[in-house]
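What follows is a single structure, written as structure tokens, with notes after it.
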Amino acid sequence: MGKDRMLEIENLRVTVEGKEILKGVSLAVGAGEVHAIMGPNGSGKSTLSYVIAGREGYEVTGGSIRFKGEDLLALEPEERSRAGVFLAFQYPVEVPGVGTTTFLRSALNAHLKHRGEPELDPMQFIRLLRDKAKALDIGDDKLKRAVNAGFSGGEKKRNEVLQMALLEPALAVLDETDSGLDIDALKVVADGVNTLKRHDSATIVITHYQRLLNYIVPDHVHVLADGRVVRSGGKELAEELEAKGYAGIADRAA
Amino acid sequence: MGVTAIRAEAAEAVAMPLVDRAEVAPGGLPGGGLAWADALRTNGLARFRALGVPSRKVESWKYTDVRKLAARDYAPAPAHVDGLSAVLRDEVEAAAAAEHSLVFVNGGLRRDLSKTGGLPNGATLESTGELLAAGDALLAEQLGRVGDADDQAFLSLNAALMRDGFVLRLAPDTVVEAPIRVAFLTDHADGPVATHPRNLVVVGDNAQATLVEIHRGLNGVEYFSNAVTEISVGAGARLHHYKLQDEGDAALHLANSPVRLGRDTTYDSFILSFGALMARNDIRAELAAPGIDCRLSGAYVARGRQHMDTTTAIDHAVPDCRSREVYAGVLDDQARGVFQGKIVVRRDAQRTDGHQLNRALLLSKGAEIDSKPELEIYADDVKCSHGATAGEIDADALFYLRARGIDADVARALLIEAFLMESLQEVQVEAVREEFAARLKARLALLRGDR
């Protein structure tokens, strides 16, 4: 992969409330690549995504994460976001009272300011937002509401992809973005993600099921079990998992 | 030792300056010589002497210790004629921009800053002091018609020492479209001063109005604003009653508001509080006719050593009334909030619908909220709910905003604002809601600037 490495995770060990969840994870993601991380519940998939995004309560006890060569763990969550890291949440948070457009404009302007570009005024922003929302089948009525307030699971996931479309991240981590989506919504979301792929960006898809990977096709698949990557391979590994289940894979690795 | 003995002891210990002032006052006050007004004052004084300044042993004052601030030697606020301080001029301009307004400075009406000419027939907005001096016959029937409970000594003190205030009267079927604005401003004064605004609102059957009270004063001035607003709303009438409490940072602000509502009335009150060292809003609403919709709500921001007390009592005496309370407060530093909400549903008050919610956001470890909901329900077919929450900023929401690139302090400010803005939805009149939202934003910006 050489010099265009996006994300390099080396021997990462993470403890949550005194319990070791990640027990030495290594992973290298290059520009232009799509990686899938699969694994049974409790294998540490979501922990990995939260540690990348910088959530509190996850203690890194060993190893490192570098993003574009920089020490990602030294940055605050907002600095990681502005540097180009985006986490699509498994459970997007409802924020009553904060309007969706206010939230998204504050976020985008923080990114623009960081890059030294002019910020958008409310009119400019609403035009941009409407265009992006339309492509994802998100109606104006949703944009007028508070952030995720009263949204269905599927609407929240679409909203995550809308945020991604606005912020155009270099590295997108999609944490169980397929859960709670019916097949039509899944296609819309996958199309959205695929459209955002660039030769200089990378995507990590975290999922329990192979289904999403029919639409967002990975270059590499990794199986996480009990806090370790137990197998890596091409997209055919996902199909094998679908056929044999996790038990067989994990056993063979052990 | 009985309760009376405790009160007498409290009165002697700390209330003497207020009592002494009251002792010498009555003769020269407006309406002096009118038998009914003299009686009102004399009874008020006797009652205050008997009750004394409430100590924390009085149940509804358990969380609010007013004795220290009440013990200052408050002189009557000097009359104010000219040269208003710059920070108060905004309020004068706002009053001038309103269609109907009264402005009081240091307790006295400033006719030159007020505007009452545009009121429709059937509506009058007058000065309590002027009506007393003129021996207004109607006032004799309308003022002081409310009983003061044993824990409302300051209501009695107000009766003893009242000089001025506003009297809003609406004849039946009168509709005043534009909000009526009344500002109470306290400007520079030497030494501690007190005002005892006495206000009266009498809304006739099927009449409608929006009333906005602004209470504002200078920082650093030790003053006591002891306001009473008596409210009576006739059958089928609607009164929107909004108040901004932005008193100076050394002020004591106590406000008592007894509310009587007629059949099928709608009364909604919202109090936005930022100011005063110690503030207490005490609203007691009597729902003695069916079909009433009574809403009491508010939002507050307290910091430093500010103390904000909201005490409400809603008495459902008859069937088929609704009441709703939504209070939200943000407390920083060593600030303290108190919410006491009593709802009584009497045996006959079937099909009562009561809802009460009190929420507090604590921004620092030293901040505190004391919340005391009190539901007494004697009817069996009722729908009553109450909730009280106190907590810190939602960590999940904060992380979510930060994960999108928003700085931690900006994200925190967005969440604090959202917390309070939600309660502002209770304000039914859009223009007032917008004004209060703007004032709230400005206040929160101040909070942020200090961090």
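Every chain in the structure tokens has a letter given in the order shown (A, B, ...), and although residue numbers restart at 1 in each chain, ligands are simply numbered from 1 in the order shown.
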Chain A contacts on chain B, only C-alpha atoms, 7 Å, as a PyMOL selection string | chain B and resi 396-397+399-400+402-407+414-415+418-419+421-422
Can you pull out every residue within 6 Å of A:Glu8, counting only C-alpha atoms, but drop anything in the same chain fewer than 5 positions away, and send it as a ChimeraX atom specification?
-> /A:27-28,65-66
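The smallest atom-to-atom distance between A:Ser64 and any of A:Arg13, A:His35, A:Lys23, A:His199, using only C-alpha atoms, is found for A:Arg13.
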As JSON, numbers by chain, which residues of stretch 22-189 of chain B does DSSP assign to helix (DSSP H, G or I)?
-> {"B": [22, 23, 24, 26, 27, 28, 35, 36, 37, 38, 39, 40, 41, 42, 43, 44, 45, 46, 47, 48, 49, 50, 51, 59, 60, 61, 67, 68, 69, 70, 86, 87, 88, 89, 90, 91, 92, 93, 94, 95, 96, 97, 111, 112, 113, 128, 129, 130, 131, 132, 133, 137, 138, 139, 140, 141, 142, 153, 154, 155, 156, 157, 158, 159, 160, 161]}
From atom CA of B:Gly337 to atom CA of B:Thr310 the spacing works out at 8.1 Å
Mind pulling up the distance from atom CA of B:Ala137 to atom CA of B:Phe166?
-> 16.1 Å
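Comparing the minimum interatomic distances between A:Glu239 and each of A:Met38, A:Thr47, A:Glu17, A:Asp71, counting only C-alpha atoms, we find that A:Met38 sits nearest.
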Do you know which residues are at most 9 Å from stretch 128-136 of chain A counting only C-alpha atoms, after dropping those on the same chain fewer than 4 positions away, and could you put them as an MDAnalysis selection string?
-> chainID A and resid 101 104:105 123:124 140 143 158:159 161:162 165:166 188:189 191:192
Long-range neighbours of stretch 171-184 of chain A as a list in words, 7 Å cut-off, only C-alpha atoms, 6 positions minimum in chain | Ser46, Ser49, Gly84, Val85, Phe86, Leu87, Ala88, Phe89, Gln90, Gly153, Gly154, Lys157, Ser201, Ala202, Thr203, Ile204, Val205, Ile206, Thr207 and Leu212 of chain A
Can I get the selected residues back with N, CA and C atoms, as an mmCIF file, in the first residue's frame?
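Written out: part07.cif:
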data_model
loop_
_atom_site.group_PDB
_atom_site.id
_atom_site.type_symbol
_atom_site.label_atom_id
_atom_site.label_comp_id
_atom_site.auth_asym_id
_atom_site.auth_seq_id
_atom_site.Cartn_x
_atom_site.Cartn_y
_atom_site.Cartn_z
ATOM 1 N N SER A 46 -17.658 -2.509 17.659
ATOM 2 C CA SER A 46 -18.087 -1.143 17.976
ATOM 3 C C SER A 46 -17.046 -0.407 18.813
ATOM 4 N N SER A 49 -14.649 1.115 16.528
ATOM 5 C CA SER A 49 -15.152 2.320 15.869
ATOM 6 C C SER A 49 -15.145 3.519 16.819
ATOM 7 N N GLY A 84 -10.760 14.596 8.990
ATOM 8 C CA GLY A 84 -11.305 13.764 7.928
ATOM 9 C C GLY A 84 -11.806 12.396 8.355
ATOM 10 N N VAL A 85 -11.919 12.181 9.682
ATOM 11 C CA VAL A 85 -12.431 10.895 10.168
ATOM 12 C C VAL A 85 -13.930 11.033 10.458
ATOM 13 N N PHE A 86 -14.708 10.114 9.941
ATOM 14 C CA PHE A 86 -16.155 10.171 10.151
ATOM 15 C C PHE A 86 -16.654 8.831 10.634
ATOM 16 N N LEU A 87 -17.392 8.849 11.742
ATOM 17 C CA LEU A 87 -18.036 7.627 12.222
ATOM 18 C C LEU A 87 -19.539 7.738 11.998
ATOM 19 N N ALA A 88 -20.082 6.824 11.198
ATOM 20 C CA ALA A 88 -21.547 6.726 11.109
ATOM 21 C C ALA A 88 -21.970 5.835 12.266
ATOM 22 N N PHE A 89 -22.711 6.416 13.207
ATOM 23 C CA PHE A 89 -23.018 5.733 14.465
ATOM 24 C C PHE A 89 -23.965 4.550 14.270
ATOM 25 N N GLN A 90 -23.717 3.535 15.056
ATOM 26 C CA GLN A 90 -24.665 2.420 15.071
ATOM 27 C C GLN A 90 -26.000 2.887 15.656
ATOM 28 N N GLY A 153 -35.434 4.145 12.996
ATOM 29 C CA GLY A 153 -34.067 3.640 12.869
ATOM 30 C C GLY A 153 -33.510 3.899 11.482
ATOM 31 N N GLY A 154 -34.335 3.626 10.462
ATOM 32 C CA GLY A 154 -33.892 3.814 9.081
ATOM 33 C C GLY A 154 -33.623 5.269 8.757
ATOM 34 N N LYS A 157 -30.305 6.356 10.148
ATOM 35 C CA LYS A 157 -29.166 5.869 9.371
ATOM 36 C C LYS A 157 -28.983 6.706 8.102
ATOM 37 N N SER A 201 -9.979 8.533 -0.668
ATOM 38 C CA SER A 201 -10.690 8.303 0.590
ATOM 39 C C SER A 201 -10.797 6.795 0.830
ATOM 40 N N ALA A 202 -11.139 6.449 2.058
ATOM 41 C CA ALA A 202 -11.254 5.027 2.380
ATOM 42 C C ALA A 202 -12.493 4.791 3.230
ATOM 43 N N THR A 203 -12.974 3.562 3.206
ATOM 44 C CA THR A 203 -14.189 3.228 3.930
ATOM 45 C C THR A 203 -13.973 1.949 4.735
ATOM 46 N N ILE A 204 -14.421 1.992 5.984
ATOM 47 C CA ILE A 204 -14.439 0.766 6.785
ATOM 48 C C ILE A 204 -15.900 0.453 7.092
ATOM 49 N N VAL A 205 -16.341 -0.712 6.675
ATOM 50 C CA VAL A 205 -17.725 -1.115 6.913
ATOM 51 C C VAL A 205 -17.717 -2.158 8.021
ATOM 52 N N ILE A 206 -18.356 -1.806 9.132
ATOM 53 C CA ILE A 206 -18.444 -2.762 10.239
ATOM 54 C C ILE A 206 -19.825 -3.392 10.188
ATOM 55 N N THR A 207 -19.891 -4.687 10.093
ATOM 56 C CA THR A 207 -21.209 -5.312 9.986
ATOM 57 C C THR A 207 -21.192 -6.731 10.517
ATOM 58 N N LEU A 212 -25.034 -6.143 3.478
ATOM 59 C CA LEU A 212 -24.620 -4.807 3.046
ATOM 60 C C LEU A 212 -23.467 -4.884 2.041
#
Residues at most 6 Å from B:Leu287, counting only C-alpha atoms, excluding those fewer than 3 positions away in the same chain, as a list in words?
-> Leu261, Asp315, His316 and Ala317 of chain B
Tell me, as a PyMOL selection string, which residues lie within 7 Å of stretch 345-362 of chain B, counting only C-alpha atoms; anything in the same chain fewer than 3 positions away does not count.
-> chain B and resi 315-332+367+376-393
Considering only C-alpha atoms, return as a PyMOL selection string whatever protein or nucleic-acid residues lie within 9 Å of B:Ala413, sequence-local ones (same chain, fewer than 5 positions apart) excluded.
-> chain B and resi 408+418+444-445+448
What gap, in Å, lies between atom CA of B:Leu119 and atom CA of B:Asp293?
-> 26.3 Å
